[in-house]
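Only one structure is covered here, and it is reproduced in the block below.
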Amino acid sequence: MNNSELAQILIRAVQEADSSERLVDAVQELAAAGIEESVPTLIAALGYNNPGAAVAAVDGLIAIGEAAVPPLLELIDDYNYGARAWAIRALAGIGDVRALDTLLEAAKTDFSLSVRRAAARGLGTLRWHQLPSEKLESVQIQVLEALLLICQDPEWVVRYAAVTSLETLAIAIAVTLPDQASRITNQLQQMLDTDADLGVRTRVRFAQEKIQPPQHQEVFAPKKKLQDIEVPEIPYRGSGRR
């Protein structure tokens with residue numbers, strides 16, 4: 001049995017599932033097969049109002065990787081916010097830069113906080129090596145500007161995701177845009193000082209610890225081994241005291 005035949009059997013099992021449990025099992029088996037032909041069915045599973053099936057479908061799409069990106073962008077559901085959030089999560093997990101515009105728009109403007117959160121997280125997982133070198137810096141600045149804006153989101157879970165992405169972006173731009181690093185550190189410190197949510201402030205502190213430059217350590221000369229130390233010869237004066 002080739003992959004195409006296997007895919008058709010597994011797809012049919014998803015389509016014919018007559019209970020929530022069987023649907024989850026069928027989507028899990030389809031996702032585990034990792035066959036590109038299954039992408040449209042996995043995308044459809046994102047909108048079945050079945051979290052177990054959606055999680056399995058997201059995992060399958062991420063495992064398939066770059067081949068899943070064009071159909072995800074084409075078939076993403078603008079009206080079903082649950083399905084859209086799952087699709088954004090899949091795109092974030094793949095990290096393909098072709099999803100950049102979708103992630104930026106969703107993170108900044110989407111009505112659903114779950115979509116904004118997933119998109120904000122996805123901005124920190126982009127695979128920068130996919131970009132031409134001449135575009136890398138401009139795109140990184142674009143993402144930085146977006147994340148600084150998203151840090152003002154009224155929902156704490158979205159701000160939390162933005163902090164996570166600022167951490168990974170700070171590590172990336174340490175090489176390409178070191179002059180922009182202070183904008184991230186300043187934003188994190190501002191959030192640490194003013195954000196109302198303890199979870200966000202805790203995540204900020206963790207990010208600061210991850211991206212801070214190594215502290216200067218005083219360098220001491222290595223200790224010499226005893227046998228390497230020249231000990232002056234002391235004249236023998238006998239064992240008695242005088």
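As shown in the structure tokens, the chain order sets the letters A, B, ...; within each chain, residues go from 1, and ligands are also counted from 1 in the order they appear.
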
**Message:** Please identify the helix (DSSP H, G or I) residues within segment 102-152 of chain A (assignment by DSSP from backbone atoms) and present them as a PyMOL selection string.
**Reply:** chain A and resi 102-109+113-122+128-130+133-150

Could you please take those selected residues and save C-alpha atoms as a PDB file, in the first residue's frame?
ATOM      1  CA  THR A 102      -1.079  36.644   8.317  1.00  0.00           C
ATOM      2  CA  LEU A 103       0.564  36.475  11.729  1.00  0.00           C
ATOM      3  CA  LEU A 104       1.158  40.225  11.878  1.00  0.00           C
ATOM      4  CA  GLU A 105      -2.412  41.086  10.963  1.00  0.00           C
ATOM      5  CA  ALA A 106      -3.905  38.526  13.329  1.00  0.00           C
ATOM      6  CA  ALA A 107      -1.690  39.513  16.256  1.00  0.00           C
ATOM      7  CA  LYS A 108      -2.512  43.198  15.953  1.00  0.00           C
ATOM      8  CA  THR A 109      -6.148  43.284  14.871  1.00  0.00           C
ATOM      9  CA  LEU A 113      -7.861  36.878  21.951  1.00  0.00           C
ATOM     10  CA  SER A 114      -6.975  33.237  21.259  1.00  0.00           C
ATOM     11  CA  VAL A 115      -6.088  34.164  17.681  1.00  0.00           C
ATOM     12  CA  ARG A 116      -4.042  37.183  18.787  1.00  0.00           C
ATOM     13  CA  ARG A 117      -2.223  35.058  21.358  1.00  0.00           C
ATOM     14  CA  ALA A 118      -1.365  32.325  18.851  1.00  0.00           C
ATOM     15  CA  ALA A 119      -0.220  34.868  16.281  1.00  0.00           C
ATOM     16  CA  ALA A 120       1.909  36.777  18.789  1.00  0.00           C
ATOM     17  CA  ARG A 121       3.583  33.541  19.772  1.00  0.00           C
ATOM     18  CA  GLY A 122       4.139  32.698  16.127  1.00  0.00           C
ATOM     19  CA  TRP A 128      14.815  33.716   9.747  1.00  0.00           C
ATOM     20  CA  HIS A 129      17.129  31.685   7.529  1.00  0.00           C
ATOM     21  CA  GLN A 130      14.309  31.453   4.965  1.00  0.00           C
ATOM     22  CA  SER A 133      19.823  38.385   3.550  1.00  0.00           C
ATOM     23  CA  GLU A 134      18.877  41.766   2.080  1.00  0.00           C
ATOM     24  CA  LYS A 135      15.386  41.527   3.627  1.00  0.00           C
ATOM     25  CA  LEU A 136      16.281  40.079   6.998  1.00  0.00           C
ATOM     26  CA  GLU A 137      16.875  43.282   8.939  1.00  0.00           C
ATOM     27  CA  SER A 138      13.825  45.117   7.610  1.00  0.00           C
ATOM     28  CA  VAL A 139      11.535  42.182   8.420  1.00  0.00           C
ATOM     29  CA  GLN A 140      12.991  41.808  11.899  1.00  0.00           C
ATOM     30  CA  ILE A 141      12.344  45.489  12.565  1.00  0.00           C
ATOM     31  CA  GLN A 142       8.785  45.035  11.292  1.00  0.00           C
ATOM     32  CA  VAL A 143       8.267  42.166  13.724  1.00  0.00           C
ATOM     33  CA  LEU A 144       9.855  44.156  16.544  1.00  0.00           C
ATOM     34  CA  GLU A 145       7.517  47.095  15.947  1.00  0.00           C
ATOM     35  CA  ALA A 146       4.533  44.750  15.965  1.00  0.00           C
ATOM     36  CA  LEU A 147       5.561  43.027  19.192  1.00  0.00           C
ATOM     37  CA  LEU A 148       6.122  46.345  20.964  1.00  0.00           C
ATOM     38  CA  LEU A 149       2.570  47.269  19.996  1.00  0.00           C
ATOM     39  CA  ILE A 150       1.171  43.890  21.036  1.00  0.00           C
TER      40      ILE A 150
END

At a cut-off of 8 Å, can you tabulate as CSV every residue of segment 38-152 of chain A near segment 14-24 of chain A together with its closest atom pair and the distance in Å to one decimal, using only C-alpha atoms and ordering rows by chain then number?
residue,atom,partner,partner_atom,distance
A:Asn50,CA,A:Ser20,CA,7.2
A:Gly52,CA,A:Val24,CA,5.8
A:Ala53,CA,A:Val24,CA,4.5
A:Ala56,CA,A:Val24,CA,7.5

Emit the selected residues as a CSV table (one decimal), in the first residue's frame, including C-alpha atoms.
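Saved to result-v8.csv:
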chain,number,residue,atom,x,y,z
A,50,ASN,CA,-13.6,19.1,18.8
A,52,GLY,CA,-9.0,16.8,20.8
A,53,ALA,CA,-9.3,16.5,17.0
A,56,ALA,CA,-4.1,16.3,16.7

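Every protein or nucleic acid residue with an atom no more than 9 Å from Ile184 of chain A, counting only C-alpha atoms and leaving out same-chain residues fewer than 2 positions away, appears here: Leu144, Leu148, Leu166, Glu167, Leu169, Ala170, Gln180, Ala181, Ser182, Asn186, Gln187, Leu188 and Gln189 of chain A.
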
Could those residues be written to a file, using N, CA, C and O atoms, as a compact mmCIF listing (two decimals), in the first residue's frame?
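File result.txt, as written:
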# COMPACT_ATOMS: atom_id res chain seq x y z
N LEU A 144 9.60 43.47 15.28
CA LEU A 144 9.86 44.16 16.54
C LEU A 144 8.81 45.23 16.81
O LEU A 144 8.26 45.32 17.92
N LEU A 148 6.19 45.23 20.01
CA LEU A 148 6.12 46.35 20.96
C LEU A 148 4.69 46.86 21.09
O LEU A 148 4.24 47.23 22.18
N LEU A 166 9.38 38.37 22.15
CA LEU A 166 10.45 39.37 22.29
C LEU A 166 11.74 38.72 22.76
O LEU A 166 12.83 39.11 22.35
N GLU A 167 11.61 37.72 23.62
CA GLU A 167 12.80 37.02 24.10
C GLU A 167 13.54 36.36 22.94
O GLU A 167 14.76 36.51 22.79
N LEU A 169 13.23 37.01 19.75
CA LEU A 169 13.69 38.02 18.79
C LEU A 169 14.95 38.70 19.28
O LEU A 169 15.86 38.98 18.49
N ALA A 170 15.03 38.96 20.57
CA ALA A 170 16.23 39.59 21.13
C ALA A 170 17.47 38.76 20.87
O ALA A 170 18.54 39.29 20.56
N GLN A 180 19.23 47.64 18.03
CA GLN A 180 17.81 47.63 18.37
C GLN A 180 17.54 46.88 19.67
O GLN A 180 16.40 46.89 20.16
N ALA A 181 18.55 46.25 20.22
CA ALA A 181 18.34 45.41 21.40
C ALA A 181 17.81 46.20 22.58
O ALA A 181 17.00 45.70 23.38
N SER A 182 18.24 47.46 22.71
CA SER A 182 17.81 48.27 23.85
C SER A 182 16.30 48.52 23.83
O SER A 182 15.69 48.72 24.88
N ASN A 186 14.25 47.77 27.15
CA ASN A 186 13.48 48.86 27.75
C ASN A 186 12.01 48.49 27.89
O ASN A 186 11.36 48.80 28.90
N GLN A 187 11.47 47.82 26.85
CA GLN A 187 10.07 47.41 26.90
C GLN A 187 9.84 46.39 28.02
O GLN A 187 8.86 46.48 28.77
N LEU A 188 10.74 45.44 28.12
CA LEU A 188 10.61 44.44 29.16
C LEU A 188 10.67 45.07 30.56
O LEU A 188 9.90 44.71 31.45
N GLN A 189 11.58 46.01 30.74
CA GLN A 189 11.68 46.65 32.05
C GLN A 189 10.43 47.46 32.36
O GLN A 189 9.95 47.45 33.51

**Message:** Using Å and a single decimal, report how far atom CA of Val97 of chain A sits from atom CA of Ala7 of chain A.
**Reply:** 27.8 Å

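Of note, atom CA of Ala172 of chain A and atom CA of Arg201 of chain A are spaced 22.2 Å apart.
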
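Each of A:Leu123, A:Asp195, A:Leu30, A:Gln190 was compared to Glu155 of chain A using only C-alpha atoms, and A:Asp195 turns out to be the nearest.
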
Glu29 of chain A environment, 12 Å, only C-alpha atoms, sequence neighbours closer than 3 positions dropped, as an mmCIF file with N, CA and C atoms, in the first residue's frame:
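Once written, selection-v6.cif looks like this:
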data_model
loop_
_atom_site.group_PDB
_atom_site.id
_atom_site.type_symbol
_atom_site.label_atom_id
_atom_site.label_comp_id
_atom_site.auth_asym_id
_atom_site.auth_seq_id
_atom_site.Cartn_x
_atom_site.Cartn_y
_atom_site.Cartn_z
ATOM 1 N N LEU A 6 -3.005 4.818 1.523
ATOM 2 C CA LEU A 6 -3.144 4.907 2.973
ATOM 3 C C LEU A 6 -3.864 6.186 3.370
ATOM 4 N N ALA A 7 -3.499 7.282 2.706
ATOM 5 C CA ALA A 7 -4.141 8.562 3.016
ATOM 6 C C ALA A 7 -5.633 8.494 2.771
ATOM 7 N N ILE A 9 -7.622 5.929 2.898
ATOM 8 C CA ILE A 9 -8.258 5.112 3.941
ATOM 9 C C ILE A 9 -8.407 5.920 5.230
ATOM 10 N N LEU A 10 -7.342 6.625 5.606
ATOM 11 C CA LEU A 10 -7.368 7.395 6.842
ATOM 12 C C LEU A 10 -8.302 8.605 6.732
ATOM 13 N N ILE A 11 -8.333 9.227 5.570
ATOM 14 C CA ILE A 11 -9.239 10.357 5.348
ATOM 15 C C ILE A 11 -10.687 9.895 5.440
ATOM 16 N N ARG A 12 -10.960 8.751 4.839
ATOM 17 C CA ARG A 12 -12.325 8.209 4.895
ATOM 18 C C ARG A 12 -12.741 7.924 6.336
ATOM 19 N N ALA A 13 -11.797 7.456 7.149
ATOM 20 C CA ALA A 13 -12.102 7.178 8.546
ATOM 21 C C ALA A 13 -12.484 8.462 9.285
ATOM 22 N N VAL A 14 -11.834 9.548 8.945
ATOM 23 C CA VAL A 14 -12.182 10.840 9.556
ATOM 24 C C VAL A 14 -13.583 11.257 9.110
ATOM 25 N N ARG A 22 -14.326 8.686 18.261
ATOM 26 C CA ARG A 22 -13.817 8.086 17.026
ATOM 27 C C ARG A 22 -13.204 9.138 16.109
ATOM 28 N N LEU A 23 -13.767 10.346 16.137
ATOM 29 C CA LEU A 23 -13.193 11.420 15.328
ATOM 30 C C LEU A 23 -11.785 11.748 15.804
ATOM 31 N N VAL A 24 -11.618 11.853 17.113
ATOM 32 C CA VAL A 24 -10.286 12.137 17.658
ATOM 33 C C VAL A 24 -9.311 11.048 17.252
ATOM 34 N N ASP A 25 -9.717 9.795 17.413
ATOM 35 C CA ASP A 25 -8.839 8.673 17.051
ATOM 36 C C ASP A 25 -8.472 8.708 15.565
ATOM 37 N N ALA A 26 -9.463 8.995 14.719
ATOM 38 C CA ALA A 26 -9.224 9.005 13.271
ATOM 39 C C ALA A 26 -8.285 10.137 12.867
ATOM 40 N N ALA A 32 -0.660 11.224 12.390
ATOM 41 C CA ALA A 32 0.563 10.452 12.624
ATOM 42 C C ALA A 32 1.172 9.934 11.333
ATOM 43 N N ALA A 33 0.348 9.770 10.294
ATOM 44 C CA ALA A 33 0.862 9.255 9.018
ATOM 45 C C ALA A 33 1.769 10.271 8.333
ATOM 46 N N GLY A 34 1.530 11.558 8.582
ATOM 47 C CA GLY A 34 2.406 12.595 8.024
ATOM 48 C C GLY A 34 2.407 12.661 6.512
ATOM 49 N N ILE A 35 1.265 12.412 5.898
ATOM 50 C CA ILE A 35 1.171 12.391 4.436
ATOM 51 C C ILE A 35 0.647 13.738 3.938
ATOM 52 N N SER A 38 -2.988 14.588 3.096
ATOM 53 C CA SER A 38 -3.991 14.697 4.163
ATOM 54 C C SER A 38 -4.192 16.120 4.657
ATOM 55 N N LEU A 42 -6.938 17.609 7.434
ATOM 56 C CA LEU A 42 -6.470 18.078 8.741
ATOM 57 C C LEU A 42 -6.901 19.513 8.991
ATOM 58 N N ALA A 53 -9.557 16.653 18.443
ATOM 59 C CA ALA A 53 -9.256 16.493 17.024
ATOM 60 C C ALA A 53 -8.428 17.666 16.513
ATOM 61 N N ALA A 56 -4.768 17.286 17.552
ATOM 62 C CA ALA A 56 -4.122 16.270 16.718
ATOM 63 C C ALA A 56 -3.854 16.806 15.316
ATOM 64 N N ALA A 57 -4.810 17.559 14.771
ATOM 65 C CA ALA A 57 -4.633 18.111 13.428
ATOM 66 C C ALA A 57 -3.496 19.122 13.395
ATOM 67 N N ASP A 59 -0.888 19.189 15.368
ATOM 68 C CA ASP A 59 0.366 18.426 15.450
ATOM 69 C C ASP A 59 0.726 17.813 14.097
ATOM 70 N N GLY A 60 -0.274 17.292 13.394
ATOM 71 C CA GLY A 60 -0.024 16.697 12.089
ATOM 72 C C GLY A 60 0.434 17.716 11.066
#

**Message:** When you look at segment 73-80 of chain A with a cut-off of 9 Å (counting only C-alpha atoms), what residues show up, excluding the ones that are within fewer than 4 positions of it in the same chain? I need them as a PyMOL selection string.
**Reply:** chain A and resi 40+43-44+47+68-69+84-85+87-88+91+98-99+102
